[in-house]
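> Quick one, data-v4.txt (compact mmCIF, C-alpha atoms and all ligand atoms):
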# COMPACT_ATOMS: atom_id res chain seq x y z
CA MET A 1 -11.69 -14.84 18.91
CA ASN A 2 -10.04 -16.08 22.11
CA VAL A 3 -6.97 -13.93 21.56
CA ARG A 4 -9.19 -10.86 21.31
CA ASP A 5 -11.16 -11.96 24.40
CA SER A 6 -7.84 -12.15 26.26
CA GLU A 7 -7.00 -8.60 25.16
CA HIS A 8 -10.40 -7.46 26.39
CA MET A 9 -9.80 -9.06 29.81
CA ILE A 10 -6.40 -7.37 30.12
CA ALA A 11 -8.02 -4.05 29.18
CA GLU A 12 -10.77 -4.45 31.78
CA LEU A 13 -8.30 -5.44 34.51
CA ASN A 14 -6.19 -2.40 33.66
CA LYS A 15 -9.22 -0.15 34.19
CA LYS A 16 -9.13 -1.28 37.83
CA GLU A 17 -5.40 -1.42 38.51
CA PRO A 18 -2.27 -1.61 36.38
CA TYR A 19 -1.35 -5.19 35.53
CA GLU A 20 1.76 -6.31 33.71
CA LEU A 21 2.00 -9.48 31.64
CA THR A 22 4.56 -12.04 32.75
CA GLU A 23 5.95 -15.23 31.29
CA LYS A 24 7.08 -16.46 34.73
CA ILE A 25 4.45 -18.46 36.60
CA ASP A 26 5.87 -17.75 40.05
CA ASP A 27 5.76 -14.00 39.37
CA ALA A 28 2.04 -13.86 38.60
CA ASP A 29 -0.57 -12.57 41.05
CA LEU A 30 -3.32 -13.63 38.69
CA ILE A 31 -3.32 -16.57 36.26
CA ILE A 32 -6.04 -16.69 33.61
CA ILE A 33 -6.52 -19.81 31.51
CA ASN A 34 -8.62 -18.75 28.53
CA THR A 35 -10.02 -21.95 27.08
CA CYS A 36 -11.39 -23.38 23.85
CA SER A 37 -13.84 -26.29 23.73
CA VAL A 38 -14.28 -26.90 20.04
CA ARG A 39 -12.52 -30.24 20.31
CA GLU A 40 -11.98 -32.50 23.32
CA LYS A 41 -8.19 -32.21 23.58
CA PRO A 42 -8.00 -28.64 24.93
CA VAL A 43 -10.60 -29.54 27.56
CA SER A 44 -8.56 -32.42 28.95
CA LYS A 45 -5.44 -30.24 28.82
CA LEU A 46 -7.20 -27.68 31.04
CA PHE A 47 -7.11 -29.84 34.17
CA SER A 48 -3.47 -30.82 33.75
CA GLU A 49 -2.64 -27.11 33.31
CA ILE A 50 -4.55 -26.18 36.45
CA GLY A 51 -2.50 -28.83 38.29
CA MET A 52 0.72 -27.40 36.91
CA PHE A 53 -0.20 -23.83 37.89
CA LYS A 54 -1.27 -25.01 41.35
CA LYS A 55 2.16 -26.52 41.86
CA TYR A 56 4.25 -23.57 40.69
CA LYS A 57 2.13 -20.50 41.44
CA LYS A 58 3.12 -17.92 44.00
CA ASN A 59 1.39 -18.15 47.38
CA GLY A 60 -1.92 -16.28 47.24
CA ALA A 61 -1.97 -16.00 43.45
CA LYS A 62 -5.44 -16.43 41.94
CA ILE A 63 -6.41 -18.75 39.10
CA GLY A 64 -9.32 -17.96 36.77
CA VAL A 65 -10.71 -20.21 34.05
CA THR A 66 -12.39 -18.31 31.21
CA GLY A 67 -13.67 -18.93 27.68
CA CYS A 68 -15.75 -21.66 26.08
CA THR A 69 -14.87 -24.52 28.43
CA ALA A 70 -15.75 -22.23 31.33
CA SER A 71 -19.15 -21.65 29.64
CA HIS A 72 -20.06 -25.30 29.32
CA LEU A 73 -18.46 -26.83 32.43
CA GLY A 74 -19.24 -23.90 34.77
CA LYS A 75 -19.07 -24.75 38.45
CA ASP A 76 -17.96 -28.32 37.71
CA ILE A 77 -14.50 -26.83 37.10
CA ILE A 78 -14.37 -25.62 40.71
CA LYS A 79 -15.78 -28.92 41.98
CA ARG A 80 -13.04 -30.81 40.19
CA ALA A 81 -10.31 -28.25 40.92
CA PRO A 82 -11.14 -26.15 44.01
CA VAL A 83 -7.88 -24.25 43.54
CA VAL A 84 -9.67 -22.33 40.76
CA ASP A 85 -10.88 -18.97 42.15
CA PHE A 86 -13.35 -17.99 39.45
CA VAL A 87 -14.99 -19.20 36.24
CA LEU A 88 -15.96 -16.71 33.55
CA GLY A 89 -17.78 -17.74 30.36
CA ALA A 90 -16.91 -16.65 26.82
CA ARG A 91 -19.84 -14.24 26.74
CA ASN A 92 -19.10 -12.65 30.13
CA VAL A 93 -15.63 -11.24 29.53
CA SER A 94 -16.71 -7.73 30.60
CA LYS A 95 -17.43 -9.04 34.12
CA ILE A 96 -13.81 -9.95 34.85
CA THR A 97 -13.30 -7.23 37.47
CA GLN A 98 -16.54 -8.26 39.22
CA VAL A 99 -15.55 -11.91 39.69
CA LEU A 100 -11.95 -11.20 40.61
CA ASP A 101 -12.54 -10.73 44.34
CA LYS A 102 -15.46 -13.13 44.81
CA LYS A 103 -14.18 -16.53 45.89
CA HIS A 104 -15.50 -19.25 43.59
CA ALA A 105 -17.60 -16.85 41.47
CA VAL A 106 -19.12 -18.43 38.35
CA GLU A 107 -20.48 -16.16 35.61
CA ILE A 108 -21.38 -18.12 32.49
CA ALA A 109 -24.75 -16.82 31.25
CA THR A 110 -24.91 -17.42 27.50
CA ASP A 111 -27.76 -14.92 27.06
CA TYR A 112 -25.65 -12.06 28.42
CA ASP A 113 -25.39 -9.26 25.83
CA GLU A 114 -21.96 -7.68 25.41
CA SER A 115 -22.68 -6.42 21.90
CA THR A 116 -22.69 -2.75 22.91
CA TYR A 117 -20.22 -2.95 25.79
CA MET A 118 -17.27 -0.57 25.41
CA PHE A 119 -14.22 -2.51 26.51
CA GLY A 120 -11.07 -0.75 27.68
CA ASP A 121 -8.13 -0.27 25.32
CA TYR A 122 -5.47 -2.92 25.07
CA ARG A 123 -3.87 -4.33 21.94
CA SER A 124 -0.93 -6.73 21.80
CA ASN A 125 -0.12 -5.60 18.25
CA SER A 126 -0.26 -1.91 17.42
CA LEU A 127 -0.01 -2.41 13.63
CA LYS A 128 -2.73 -5.00 13.24
CA ALA A 129 -5.97 -4.73 15.22
CA MET A 130 -8.62 -7.37 15.82
CA ILE A 131 -12.12 -5.88 15.76
CA ASN A 132 -15.18 -7.85 16.92
CA ILE A 133 -18.24 -7.36 14.73
CA SER A 134 -20.59 -9.89 16.30
CA ILE A 135 -20.90 -12.22 19.27
CA GLY A 136 -22.32 -15.76 19.37
CA CYS A 137 -23.52 -17.96 16.51
CA ASP A 138 -27.00 -18.79 15.27
CA LYS A 139 -26.02 -21.76 13.16
CA GLN A 140 -26.59 -25.22 14.53
CA CYS A 141 -23.85 -27.21 12.80
CA SER A 142 -24.44 -30.63 14.31
CA PHE A 143 -20.78 -31.17 15.31
CA CYS A 144 -20.19 -27.76 16.89
CA ILE A 145 -20.37 -26.72 20.54
CA VAL A 146 -19.89 -22.98 19.89
CA PRO A 147 -23.61 -22.02 19.85
CA VAL A 148 -23.86 -23.67 23.29
CA THR A 149 -20.86 -21.80 24.73
CA ARG A 150 -21.22 -18.43 23.02
CA GLY A 151 -25.00 -18.17 22.72
CA GLU A 152 -27.16 -16.54 20.07
CA GLU A 153 -25.74 -14.27 17.43
CA ILE A 154 -25.89 -10.50 17.98
CA SER A 155 -24.19 -8.01 15.68
CA ILE A 156 -22.31 -5.05 17.08
CA PRO A 157 -23.72 -1.73 15.78
CA SER A 158 -21.52 -0.39 12.97
CA ASN A 159 -20.99 3.02 14.59
CA LEU A 160 -19.29 1.24 17.53
CA ILE A 161 -17.21 -0.88 15.13
CA ILE A 162 -16.09 2.20 13.20
CA GLN A 163 -15.29 3.99 16.46
CA GLU A 164 -13.08 1.06 17.58
CA ILE A 165 -11.32 1.00 14.21
CA GLN A 166 -10.75 4.76 14.28
CA LYS A 167 -9.18 4.45 17.75
CA ALA A 168 -6.92 1.61 16.59
CA VAL A 169 -5.86 3.56 13.48
CA ASP A 170 -5.17 6.69 15.56
CA ALA A 171 -2.91 4.49 17.71
CA GLY A 172 -0.97 3.30 14.64
CA ALA A 173 -2.90 0.36 13.17
CA LYS A 174 -2.62 -0.15 9.42
CA GLU A 175 -4.67 -3.33 9.22
CA VAL A 176 -7.81 -4.65 10.89
CA THR A 177 -9.24 -8.16 11.08
CA LEU A 178 -13.01 -8.14 11.49
CA LEU A 179 -13.94 -11.00 13.83
CA GLY A 180 -17.07 -13.05 14.25
CA GLN A 181 -18.22 -16.67 14.25
CA ASN A 182 -20.02 -15.99 11.03
CA VAL A 183 -18.96 -12.55 9.75
CA ASN A 184 -20.94 -12.47 6.51
CA ASN A 185 -24.14 -13.04 8.45
CA TYR A 186 -23.55 -9.55 9.89
CA GLY A 187 -26.78 -7.66 10.59
CA ARG A 188 -28.82 -10.75 11.36
CA ARG A 189 -29.86 -9.28 14.71
CA PHE A 190 -28.98 -6.16 16.69
CA SER A 191 -29.93 -5.60 20.30
CA THR A 192 -30.57 -1.88 19.69
CA GLN A 193 -32.00 0.18 16.82
CA VAL A 194 -29.12 0.98 14.43
CA ASP A 195 -28.84 3.30 11.44
CA GLY A 196 -25.50 2.20 9.95
CA ALA A 197 -24.51 -0.87 7.92
CA GLN A 198 -27.21 -3.58 7.89
CA ASN A 199 -25.21 -6.35 6.21
CA PHE A 200 -21.60 -7.42 5.79
CA THR A 201 -21.14 -5.89 2.34
CA GLU A 202 -22.30 -2.52 3.66
CA LEU A 203 -20.04 -2.92 6.68
CA LEU A 204 -16.99 -3.58 4.46
CA ARG A 205 -17.78 -0.39 2.53
CA ALA A 206 -18.17 1.65 5.71
CA VAL A 207 -14.95 0.27 7.24
CA SER A 208 -12.98 0.99 4.09
CA GLU A 209 -13.87 4.68 4.43
CA VAL A 210 -11.90 4.99 7.68
CA GLU A 211 -9.08 7.32 6.83
CA GLY A 212 -5.59 5.99 7.50
CA LEU A 213 -6.73 2.36 7.45
CA GLU A 214 -4.94 0.47 4.69
CA ARG A 215 -5.98 -3.16 4.93
CA ILE A 216 -9.10 -5.10 5.92
CA ARG A 217 -9.23 -8.82 6.65
CA PHE A 218 -12.08 -10.81 8.16
CA THR A 219 -12.69 -14.23 9.68
CA SER A 220 -14.67 -16.43 9.46
CA PRO A 221 -17.24 -16.14 6.70
CA HIS A 222 -19.75 -18.95 6.03
CA PRO A 223 -19.98 -20.39 2.50
CA LEU A 224 -23.79 -20.28 2.66
CA HIS A 225 -23.81 -16.48 2.93
CA MET A 226 -21.30 -15.84 0.13
CA ASP A 227 -23.71 -14.07 -2.20
CA ASP A 228 -22.52 -12.39 -5.39
CA GLU A 229 -22.79 -8.93 -3.90
CA PHE A 230 -20.42 -9.85 -1.07
CA LEU A 231 -17.93 -11.51 -3.45
CA GLN A 232 -18.02 -8.43 -5.73
CA GLU A 233 -17.19 -6.23 -2.73
CA PHE A 234 -14.39 -8.64 -1.74
CA ALA A 235 -13.02 -8.43 -5.29
CA ASN A 236 -13.42 -4.71 -5.97
CA ASN A 237 -12.73 -2.99 -2.66
CA PRO A 238 -9.00 -2.15 -2.82
CA LYS A 239 -8.63 -2.12 0.97
CA VAL A 240 -9.99 -5.66 1.35
CA CYS A 241 -7.08 -8.13 1.33
CA LYS A 242 -7.37 -10.90 -1.21
CA GLN A 243 -7.38 -13.73 1.29
CA ILE A 244 -10.53 -15.61 2.18
CA HIS A 245 -11.37 -18.48 4.49
CA VAL A 246 -14.10 -20.74 3.09
CA PRO A 247 -14.76 -23.50 5.64
CA LEU A 248 -15.77 -26.66 3.76
CA GLN A 249 -16.06 -29.24 6.62
CA SER A 250 -16.88 -32.04 4.14
CA GLY A 251 -17.09 -32.46 0.37
CA SER A 252 -19.98 -34.88 0.60
CA THR A 253 -23.42 -33.37 0.07
CA ARG A 254 -24.93 -36.17 2.11
CA LEU A 255 -22.65 -35.42 5.09
CA LEU A 256 -23.04 -31.66 4.69
CA LYS A 257 -26.75 -32.25 5.21
CA GLU A 258 -26.08 -34.32 8.34
CA MET A 259 -23.78 -31.55 9.53
CA LYS A 260 -26.56 -28.98 8.90
CA ARG A 261 -24.21 -26.77 6.91
CA GLY A 262 -26.96 -25.55 4.58
CA TYR A 263 -25.10 -25.99 1.25
CA PRO A 264 -24.30 -28.90 -1.09
CA LYS A 265 -20.85 -29.68 -2.57
CA GLU A 266 -21.80 -27.93 -5.83
CA TRP A 267 -22.56 -24.62 -4.10
CA PHE A 268 -19.19 -24.70 -2.35
CA LEU A 269 -17.36 -25.39 -5.64
CA ASN A 270 -19.41 -22.71 -7.38
CA ARG A 271 -18.45 -20.08 -4.76
CA CYS A 272 -14.74 -20.95 -4.94
CA GLN A 273 -14.93 -20.87 -8.74
CA LYS A 274 -16.53 -17.43 -8.55
CA ILE A 275 -13.79 -16.18 -6.19
CA LYS A 276 -11.10 -17.45 -8.57
CA GLU A 277 -12.87 -15.86 -11.53
CA LEU A 278 -13.20 -12.47 -9.83
CA VAL A 279 -9.81 -12.50 -8.07
CA PRO A 280 -7.41 -15.02 -9.63
CA GLU A 281 -4.65 -14.04 -7.19
CA ALA A 282 -6.78 -14.62 -4.04
CA THR A 283 -5.67 -17.24 -1.54
CA ILE A 284 -8.37 -19.56 -0.24
CA SER A 285 -8.09 -21.43 3.05
CA THR A 286 -10.47 -23.95 4.56
CA ASP A 287 -11.43 -26.14 7.53
CA ILE A 288 -12.12 -29.84 7.00
CA ILE A 289 -13.35 -32.47 9.45
CA VAL A 290 -12.66 -36.15 8.73
CA GLY A 291 -14.38 -39.07 10.43
CA PHE A 292 -17.73 -37.36 10.96
CA PRO A 293 -20.29 -40.04 11.97
CA GLY A 294 -21.24 -42.19 9.00
CA GLU A 295 -18.43 -40.90 6.74
CA SER A 296 -17.93 -43.58 4.06
CA ASP A 297 -15.04 -44.00 1.61
CA GLU A 298 -17.24 -42.31 -1.03
CA ASP A 299 -17.94 -39.35 1.26
CA PHE A 300 -14.22 -38.95 1.91
CA ALA A 301 -13.53 -39.22 -1.85
CA ASP A 302 -15.86 -36.23 -2.30
CA THR A 303 -13.77 -34.26 0.18
CA MET A 304 -10.59 -35.18 -1.74
CA ASP A 305 -12.31 -34.16 -4.95
CA VAL A 306 -13.00 -30.66 -3.58
CA LEU A 307 -9.36 -30.45 -2.43
CA GLU A 308 -8.22 -31.23 -6.02
CA LYS A 309 -10.64 -28.77 -7.59
CA VAL A 310 -10.11 -25.79 -5.28
CA ARG A 311 -6.42 -26.37 -4.47
CA PHE A 312 -6.56 -24.57 -1.12
CA ASP A 313 -3.62 -22.41 -0.07
CA ALA A 314 -4.08 -23.33 3.59
CA LEU A 315 -5.90 -26.17 5.30
CA PHE A 316 -6.96 -26.57 8.92
CA SER A 317 -7.97 -30.21 9.24
CA PHE A 318 -9.30 -32.11 12.20
CA LYS A 319 -10.48 -35.54 13.24
CA TYR A 320 -14.11 -35.33 14.30
CA SER A 321 -14.35 -35.01 18.07
CA PRO A 322 -17.76 -35.73 19.68
CA ARG A 323 -18.80 -32.75 21.81
CA PRO A 324 -21.36 -32.59 24.62
CA HIS A 325 -24.69 -30.86 23.86
CA THR A 326 -24.29 -31.41 20.09
CA ALA A 327 -26.58 -33.45 17.84
CA ALA A 328 -23.76 -35.38 16.13
CA ALA A 329 -22.48 -36.80 19.44
CA THR A 330 -25.64 -38.95 19.56
CA PHE A 331 -25.39 -40.14 15.93
CA GLU A 332 -24.80 -43.80 15.29
CA ASN A 333 -21.98 -45.00 13.02
CA GLN A 334 -19.15 -43.13 14.76
CA VAL A 335 -16.05 -43.70 12.58
CA ASP A 336 -13.22 -45.67 14.19
CA ASN A 337 -10.10 -43.79 15.13
CA GLU A 338 -7.79 -45.72 12.79
CA THR A 339 -9.90 -44.93 9.70
CA ALA A 340 -10.16 -41.27 10.70
CA SER A 341 -6.38 -41.04 11.25
CA LYS A 342 -5.69 -42.59 7.85
CA ARG A 343 -8.05 -40.18 6.12
CA LEU A 344 -6.48 -37.23 7.91
CA GLN A 345 -3.03 -38.34 6.75
CA THR A 346 -4.18 -38.80 3.14
CA LEU A 347 -5.82 -35.39 3.14
CA GLN A 348 -2.88 -33.57 4.70
CA ALA A 349 -0.28 -35.27 2.48
CA ARG A 350 -2.09 -34.27 -0.72
CA HIS A 351 -2.71 -30.78 0.62
CA ARG A 352 1.01 -30.31 1.32
CA GLU A 353 1.83 -31.13 -2.31
CA ILE A 354 -0.76 -28.65 -3.57
CA GLN A 355 0.33 -25.98 -1.08
CA ASN A 356 3.92 -26.36 -2.20
CA GLU A 357 2.95 -26.00 -5.87
CA ASN A 358 0.86 -22.91 -5.04
CA MET A 359 3.80 -21.38 -3.19
CA GLN A 360 6.28 -22.14 -6.00
CA ALA A 361 3.93 -20.39 -8.44
CA LYS A 362 4.49 -17.14 -6.52
CA VAL A 363 8.21 -16.96 -7.39
CA GLY A 364 8.90 -14.04 -9.76
CA LYS A 365 5.71 -12.18 -8.82
CA VAL A 366 5.47 -8.86 -6.97
CA TYR A 367 3.40 -8.56 -3.76
CA LYS A 368 2.52 -5.70 -1.45
CA VAL A 369 3.92 -6.59 1.97
CA LEU A 370 3.18 -4.99 5.35
CA PHE A 371 6.36 -5.43 7.41
CA GLU A 372 5.84 -6.30 11.05
CA GLU A 373 8.79 -7.91 12.74
CA LEU A 374 12.59 -7.90 12.83
CA LYS A 375 14.10 -11.36 12.45
CA SER A 376 17.63 -12.74 12.84
CA GLU A 377 20.40 -12.19 10.24
CA GLY A 378 19.18 -8.74 9.22
CA ARG A 379 15.82 -9.93 7.91
CA VAL A 380 12.37 -8.42 8.28
CA ALA A 381 9.10 -10.39 8.14
CA GLY A 382 5.73 -9.28 6.89
CA ARG A 383 2.54 -10.47 5.25
CA SER A 384 1.55 -10.02 1.65
CA ASP A 385 -1.91 -8.83 0.77
CA ASP A 386 -2.91 -12.49 0.24
CA GLY A 387 -1.76 -13.39 3.76
CA THR A 388 1.52 -15.18 2.95
CA LEU A 389 4.59 -14.78 5.18
CA VAL A 390 7.36 -12.89 3.31
CA MET A 391 11.00 -12.26 4.37
CA VAL A 392 13.41 -9.69 2.98
CA LYS A 393 16.82 -8.35 3.98
CA GLY A 394 16.28 -5.01 5.67
CA SER A 395 16.07 -3.08 8.88
CA GLU A 396 13.61 -1.40 11.20
CA GLU A 397 12.72 1.43 8.84
CA LEU A 398 10.60 -1.13 6.96
CA LEU A 399 8.43 -1.81 10.02
CA GLY A 400 4.86 -0.60 9.60
CA LYS A 401 5.34 0.14 5.89
CA ILE A 402 3.61 -1.49 2.93
CA VAL A 403 6.22 -2.08 0.23
CA ASP A 404 6.36 -3.92 -3.14
CA VAL A 405 8.44 -7.09 -2.93
CA LYS A 406 9.59 -9.35 -5.77
CA ILE A 407 9.61 -13.01 -4.73
CA THR A 408 12.86 -14.85 -5.39
CA PHE A 409 12.38 -18.08 -3.44
CA ALA A 410 9.53 -20.10 -1.91
CA ASN A 411 9.21 -22.97 0.49
CA ILE A 412 5.96 -24.47 1.74
CA THR A 413 5.41 -21.94 4.54
CA GLN A 414 7.16 -18.73 3.49
CA LEU A 415 8.46 -16.60 0.67
CA THR A 416 11.77 -14.77 0.36
CA GLY A 417 12.04 -11.67 -1.77
CA GLU A 418 13.76 -8.39 -2.50
CA LEU A 419 12.38 -4.88 -2.46
CA ALA A 420 11.01 -4.21 -5.96
N1 LIG B 501 -14.68 -31.97 15.87
C1 LIG B 501 -13.67 -31.63 15.04
N2 LIG B 501 -13.53 -30.40 14.53
C2 LIG B 501 -14.45 -29.47 14.86
N3 LIG B 501 -14.58 -28.19 14.49
C3 LIG B 501 -15.67 -27.68 15.11
N4 LIG B 501 -16.28 -28.62 15.86
C4 LIG B 501 -15.52 -29.76 15.72
C5 LIG B 501 -15.63 -31.07 16.23
N5 LIG B 501 -16.63 -31.42 17.04
C6 LIG B 501 -13.70 -27.53 13.53
C7 LIG B 501 -14.47 -27.03 12.32
C8 LIG B 501 -14.50 -25.54 12.52
C9 LIG B 501 -13.18 -25.33 13.23
C10 LIG B 501 -13.05 -24.04 13.96
O1 LIG B 501 -13.09 -26.40 14.14
O2 LIG B 501 -13.75 -27.37 11.15
O3 LIG B 501 -14.59 -24.82 11.31
FE1 LIG B 502 -19.86 -23.71 14.83
FE2 LIG B 502 -21.22 -23.79 12.52
FE3 LIG B 502 -21.36 -21.59 14.13
FE4 LIG B 502 -19.08 -22.12 12.79
S1 LIG B 502 -21.08 -21.64 11.86
S2 LIG B 502 -19.28 -21.53 14.98
S3 LIG B 502 -19.02 -24.39 12.82
S4 LIG B 502 -22.12 -23.67 14.61
Please re-express this file's structure in structure tokens.
Ligand code: 5AD
Ligand code: SF4

Amino acid sequence: MNVRDSEHMIAELNKKEPYELTEKIDDADLIIINTCSVREKPVSKLFSEIGMFKKYKKNGAKIGVTGCTASHLGKDIIKRAPVVDFVLGARNVSKITQVLDKKHAVEIATDYDESTYMFGDYRSNSLKAMINISIGCDKQCSFCIVPVTRGEEISIPSNLIIQEIQKAVDAGAKEVTLLGQNVNNYGRRFSTQVDGAQNFTELLRAVSEVEGLERIRFTSPHPLHMDDEFLQEFANNPKVCKQIHVPLQSGSTRLLKEMKRGYPKEWFLNRCQKIKELVPEATISTDIIVGFPGESDEDFADTMDVLEKVRFDALFSFKYSPRPHTAAATFENQVDNETASKRLQTLQARHREIQNENMQAKVGKVYKVLFEELKSEGRVAGRSDDGTLVMVKGSEELLGKIVDVKITFANITQLTGELA
């Protein structure tokens, strides 16, 4: 989401005057730090980064802080670091050219509606396009700061989504990733009357009719909204890639309730079982938090049990981090850091074994790979339909093509193959 917000800011700036990206700090006339606030670490990193930029920036260069930390700290950022010229919240990206020349401007309204705003064109990757389908989030997961920083959920009308996709495809995109905090809740609320797709299943159907588009991915769906109709569409629509993120957070029904996730352990297992039944070759990834307040050994054992049963292909795992303005930050029974660290290690170690076994099982199989990048030693890298990194020997004529590849070797993070 942040990467796409950054692209939008570059596009808006370019509407005003031509900017070029630079890797060299002392070259930049404008430095934008686009922040996350989902855990505490990136927030503390922000102020050390501002200090670093202050030291090395060119005389007169501006610094802007944008994104979720901008939303929730607002003018306090300028109070603490007056070198910062402007603060722009995650839901105010379209105002970048307005704040640029106003010293110490702060625009962080979380009720600002950008759901029908037509951003300028800028994409860092011409083959694969990120496409926003909604803004904000209406869930109130008790650990999560996102509803505070990104505001209430509004879906983008499907005609605007299709228009964006058509533009990206006309410019060479083969694949799109539909983006939202909660994509399969699409259609929950629009800010204007719309005729097109009213839910995520209908949206997937409409997107797959865009001529020239070959692949559709999406992130993130919510397990609660994985109804059978949606899973059938995921399984049967040939343009929808067979890769799905199913964020678990915890395997304990008791903790899931405390987290306000809206589903018990059994529902999660049932949905993953259904995915495996419909699409045995699908890869399933997840997010897990350990050390949520009150997490007991039994609760953690439930999480490990789900790990064993689903055998995720990818895991994003985190130690619980108390966040301001969230319900869980006030809960008693915060888990001590040592216990949380141990649980994280146990979880990650077992996941690595499973991931390795899953990867080894791919050897000998044939996958459709979209080639994207030239690598050293005459190799080309791409992604299979199920989202795995694949390398083959080859040259630039493979770039942008979808080709069958037979896998000859696997390690834990990537596959090697030959053109089939
Ligand atoms: N502490 C730790 N992890 C968190 N996440 C969200 N909020 C927190 C928090 N307070 C994780 C969740 C979410 C992912 C994007 O970040 O697992 O799915
Ligand atoms: Fe946060 Fe829950 Fe919304 Fe995801 S669904 S962004 S975890 S509140």
> Using all atoms listed in the file, which residues sit within 12 Å of stretch 157-169 of chain A once same-chain residues fewer than 6 positions away are excluded, as a PyMOL selection string?
chain A and resi 114-135+175-179+186-216
> Counting all atoms listed in the file, which protein, DNA or RNA residues come within 7 Å of ligand LIG 502 (chain B), given as a ChimeraX atom specification?
/A:137-141,144-147,181-182,222
> Do you know which residues are within 7 Å of ligand LIG 501 (chain B) using all atoms listed in the file? Can you write them as a PyMOL selection string?
chain A and resi 38-39+143-145+247+249+287-289+317-323
> Compile the contact shell of A:Val65 as a ChimeraX atom specification: residues with an atom at most 8 Å away, counting all atoms listed in the file, same-chain residues fewer than 5 positions apart removed.
/A:32-35,70,84,86-88
> Record the distance separating atom CA of A:Pro264 and atom CA of A:Pro223, expressed in Å with one decimal.
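Computing it gives 10.2 Å between the two atoms.
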> Pick the closest to A:Glu418 from A:Leu389, A:Val366, A:Ile284, A:Ala81: which is it, counting all atoms listed in the file?
A:Val366
> Just to confirm, what's the straight-line distance from atom CA of A:Ala314 to atom CA of A:Ala329 in Å (one decimal)?
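Between atom CA of A:Ala314 and atom CA of A:Ala329 the gap is 27.8 Å.
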> Could you check which of A:Cys272, A:Val279, A:Ile156, A:Leu255 is closest to A:Glu298, using only C-alpha atoms?
A:Leu255
> Pick out the closest residue to A:Met304 from this set: A:Tyr367, A:Leu344, A:Met259, A:Ile63. Count all atoms listed in the file.
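Closest to A:Met304, using all atoms listed in the file: A:Leu344.
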> Residues at most 12 Å from A:Ile275, counting only C-alpha atoms, excluding those fewer than 4 positions away in the same chain, as JSON, numbers by chain?
{"A": [223, 226, 227, 228, 229, 230, 231, 232, 233, 234, 235, 236, 242, 243, 244, 245, 246, 268, 269, 270, 271, 279, 280, 281, 282, 283, 284, 310]}
> Please compute the atom CA of A:Ser220-atom CA of A:Ile31 distance, one decimal, in Å.
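Computing the Euclidean distance for atom CA of A:Ser220 and atom CA of A:Ile31 yields 29.1 Å.
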> Pick the closest to A:Gly378 from A:Lys362, A:Asp29, A:Gly67, A:Glu396: which is it, counting all atoms listed in the file?
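Checking each candidate against A:Gly378, we get A:Glu396 as the closest.
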> With all atoms listed in the file as the atoms that count, which of A:Lys276, A:Arg254, A:His72, A:Arg383 lies nearest to A:Phe300?
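That would be A:Arg254, the residue with the smallest distance to A:Phe300.
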> Considering all atoms listed in the file, state which residue in the set A:Val306, A:Asp101, A:Thr149, A:Asn411 is at the smallest distance from A:Pro324.
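Counting all atoms listed in the file, the residue closest to A:Pro324 is A:Thr149.
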